[in-house]
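Have a look at the structure below, then the notes.
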Amino acid sequence: MASKKTIFVAFAIEDERQRDFLKGQSLNTKSPFEYIDMSVKEPYDTNWKDRVRTRIKRSDGVIALISKNSLTSSGQKWEIACAKEEGKKVLGIWAYTDDRTNVQGVLTVVWTWKAIEDFIDSL
């Protein structure tokens with residue numbers, strides 16, 4: 001693989017711990033991607049969507065952590081829709097082994113290093 005890719009991670013705030021695990025993987029020196037943290041640490045403000053869209057535009061692709069929480073996460077839904085509007089590839093990975101929630105329009109696979117690597121290689 002050539003250079004590191006920049007990946008935007010879309011997740012429901014309830015799945016923040018799983019996001020942290022993914023972030024930990026990206027900090028591995030052999031990781032093929034760089035992690036962008038755009039989690040909302042403050043209440044939504046008027047500039048939030050503009051800031052997220054800018055980050056998504058700068059990304060090579062988007063990984064969405066999918067769980068039952070995704071179905072009610074308006075922020076994550078917007079991030080995924082924004083990524084599609086910007087022409088970014090989106091890969092869903094199931095955040096938990098016992099949760100196989102499907103989000104319409106998002107190809108979702110089991111969370112494995114190989115699946116993430118294959119997605120990143122396709123960017």
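By order in the structure tokens, chains are A, B, ...; within a chain, residues start at 1; ligands start at 1, following the order shown.
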
Got a sec: who's within 8 Å of Leu107 of chain A, counting only C-alpha atoms, leaving out chain neighbours fewer than 6 positions off, as a ChimeraX atom specification? /A:90-92

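Running DSSP on the backbone gives alpha helix (DSSP H) for these residues within segment 52-84 of chain A: A:Val52, A:Arg53, A:Thr54, A:Arg55, A:Ile56, A:Lys57, A:Arg58, A:Ser74, A:Gly75, A:Gln76, A:Lys77, A:Trp78, A:Glu79, A:Ile80, A:Ala81, A:Cys82, A:Ala83, A:Lys84.
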
Report as a Markdown table: every residue of segment 45-112 of chain A with an atom at most 12 Å from segment 8-22 of chain A, its closest pair of atoms, and their distance in Å to one decimal, counting only C-alpha atoms, with rows sorted by chain and ascending residue number.
| residue | atom | partner | partner_atom | distance |
| --- | --- | --- | --- | --- |
| A:Val52 | CA | A:Phe8 | CA | 9.3 |
| A:Arg53 | CA | A:Phe8 | CA | 10.4 |
| A:Thr54 | CA | A:Phe8 | CA | 10.8 |
| A:Arg55 | CA | A:Phe8 | CA | 7.3 |
| A:Ile56 | CA | A:Phe8 | CA | 6.2 |
| A:Lys57 | CA | A:Phe8 | CA | 9.4 |
| A:Arg58 | CA | A:Phe8 | CA | 8.8 |
| A:Ser59 | CA | A:Phe8 | CA | 6.0 |
| A:Asp60 | CA | A:Phe8 | CA | 8.0 |
| A:Gly61 | CA | A:Phe8 | CA | 6.4 |
| A:Val62 | CA | A:Phe8 | CA | 4.7 |
| A:Ile63 | CA | A:Val9 | CA | 4.9 |
| A:Ala64 | CA | A:Ala10 | CA | 4.6 |
| A:Leu65 | CA | A:Phe11 | CA | 5.1 |
| A:Ile66 | CA | A:Phe11 | CA | 7.1 |
| A:Ser67 | CA | A:Asp15 | CA | 7.8 |
| A:Lys68 | CA | A:Ala12 | CA | 9.2 |
| A:Asn69 | CA | A:Ala12 | CA | 6.0 |
| A:Ser70 | CA | A:Ala12 | CA | 5.6 |
| A:Leu71 | CA | A:Ala12 | CA | 8.9 |
| A:Thr72 | CA | A:Ala12 | CA | 8.3 |
| A:Ser73 | CA | A:Ala12 | CA | 5.5 |
| A:Ser74 | CA | A:Ala12 | CA | 8.4 |
| A:Gly75 | CA | A:Ala12 | CA | 7.3 |
| A:Gln76 | CA | A:Phe11 | CA | 5.5 |
| A:Lys77 | CA | A:Ala10 | CA | 8.5 |
| A:Trp78 | CA | A:Ala10 | CA | 9.3 |
| A:Glu79 | CA | A:Ala10 | CA | 6.3 |
| A:Ile80 | CA | A:Ala10 | CA | 7.0 |
| A:Ala81 | CA | A:Ala10 | CA | 10.6 |
| A:Cys82 | CA | A:Ala10 | CA | 10.6 |
| A:Ala83 | CA | A:Phe8 | CA | 9.1 |
| A:Lys88 | CA | A:Phe8 | CA | 10.0 |
| A:Lys89 | CA | A:Phe8 | CA | 10.6 |
| A:Val90 | CA | A:Phe8 | CA | 9.4 |
| A:Leu91 | CA | A:Val9 | CA | 9.7 |
| A:Gly92 | CA | A:Ala10 | CA | 9.1 |
| A:Ile93 | CA | A:Phe11 | CA | 10.2 |
| A:Trp94 | CA | A:Gln18 | CA | 9.8 |
| A:Ala95 | CA | A:Gln18 | CA | 6.3 |
| A:Tyr96 | CA | A:Gln18 | CA | 8.1 |
| A:Thr97 | CA | A:Gln18 | CA | 11.4 |
| A:Val106 | CA | A:Ala10 | CA | 11.9 |
| A:Trp111 | CA | A:Leu22 | CA | 9.7 |
| A:Thr112 | CA | A:Leu22 | CA | 10.5 |

Grab the residues selected above and save them as a compact mmCIF listing (two decimals), in the first residue's frame with C-alpha atoms.
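File produced: part_22.txt:
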# COMPACT_ATOMS: atom_id res chain seq x y z
CA VAL A 52 -18.09 18.18 9.48
CA ARG A 53 -18.63 18.64 5.74
CA THR A 54 -15.16 20.22 5.46
CA ARG A 55 -13.62 17.25 7.29
CA ILE A 56 -15.50 14.76 5.14
CA LYS A 57 -14.39 16.55 1.95
CA ARG A 58 -10.77 16.24 3.11
CA SER A 59 -11.18 12.53 3.82
CA ASP A 60 -10.45 9.71 1.43
CA GLY A 61 -13.38 7.68 2.76
CA VAL A 62 -15.77 7.16 5.67
CA ILE A 63 -16.10 4.28 8.10
CA ALA A 64 -19.45 4.19 9.90
CA LEU A 65 -19.65 2.24 13.16
CA ILE A 66 -23.07 0.62 12.90
CA SER A 67 -25.18 -0.48 15.87
CA LYS A 68 -28.76 -0.24 17.06
CA ASN A 69 -27.82 3.27 18.21
CA SER A 70 -27.25 4.27 14.58
CA LEU A 71 -30.98 4.09 13.92
CA THR A 72 -31.68 7.02 16.27
CA SER A 73 -28.48 9.04 15.81
CA SER A 74 -29.42 12.06 13.73
CA GLY A 75 -25.80 13.22 13.68
CA GLN A 76 -24.46 9.95 12.32
CA LYS A 77 -27.25 9.75 9.75
CA TRP A 78 -26.37 13.25 8.55
CA GLU A 79 -22.65 12.42 8.38
CA ILE A 80 -23.35 9.35 6.22
CA ALA A 81 -25.67 11.32 3.94
CA CYS A 82 -23.08 14.11 3.67
CA ALA A 83 -20.36 11.61 2.75
CA LYS A 88 -17.05 9.51 -0.62
CA LYS A 89 -17.06 5.74 -0.27
CA VAL A 90 -18.72 4.61 2.95
CA LEU A 91 -18.07 1.32 4.72
CA GLY A 92 -20.20 0.26 7.65
CA ILE A 93 -18.64 -1.99 10.26
CA TRP A 94 -20.73 -3.55 12.97
CA ALA A 95 -19.65 -2.04 16.27
CA TYR A 96 -20.58 -5.11 18.33
CA THR A 97 -20.41 -8.85 17.69
CA VAL A 106 -24.73 1.36 3.94
CA TRP A 111 -15.28 -5.55 12.07
CA THR A 112 -11.98 -7.14 11.08

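Interatomic distance, atom CA of Gly24 of chain A to atom CA of Trp113 of chain A: 12.2 Å.
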
From a backbone DSSP assignment, name each residue in chain A labelled strand (DSSP E or B), as a PyMOL selection string. chain A and resi 5-10+33-36+61-66+89-94+108-109
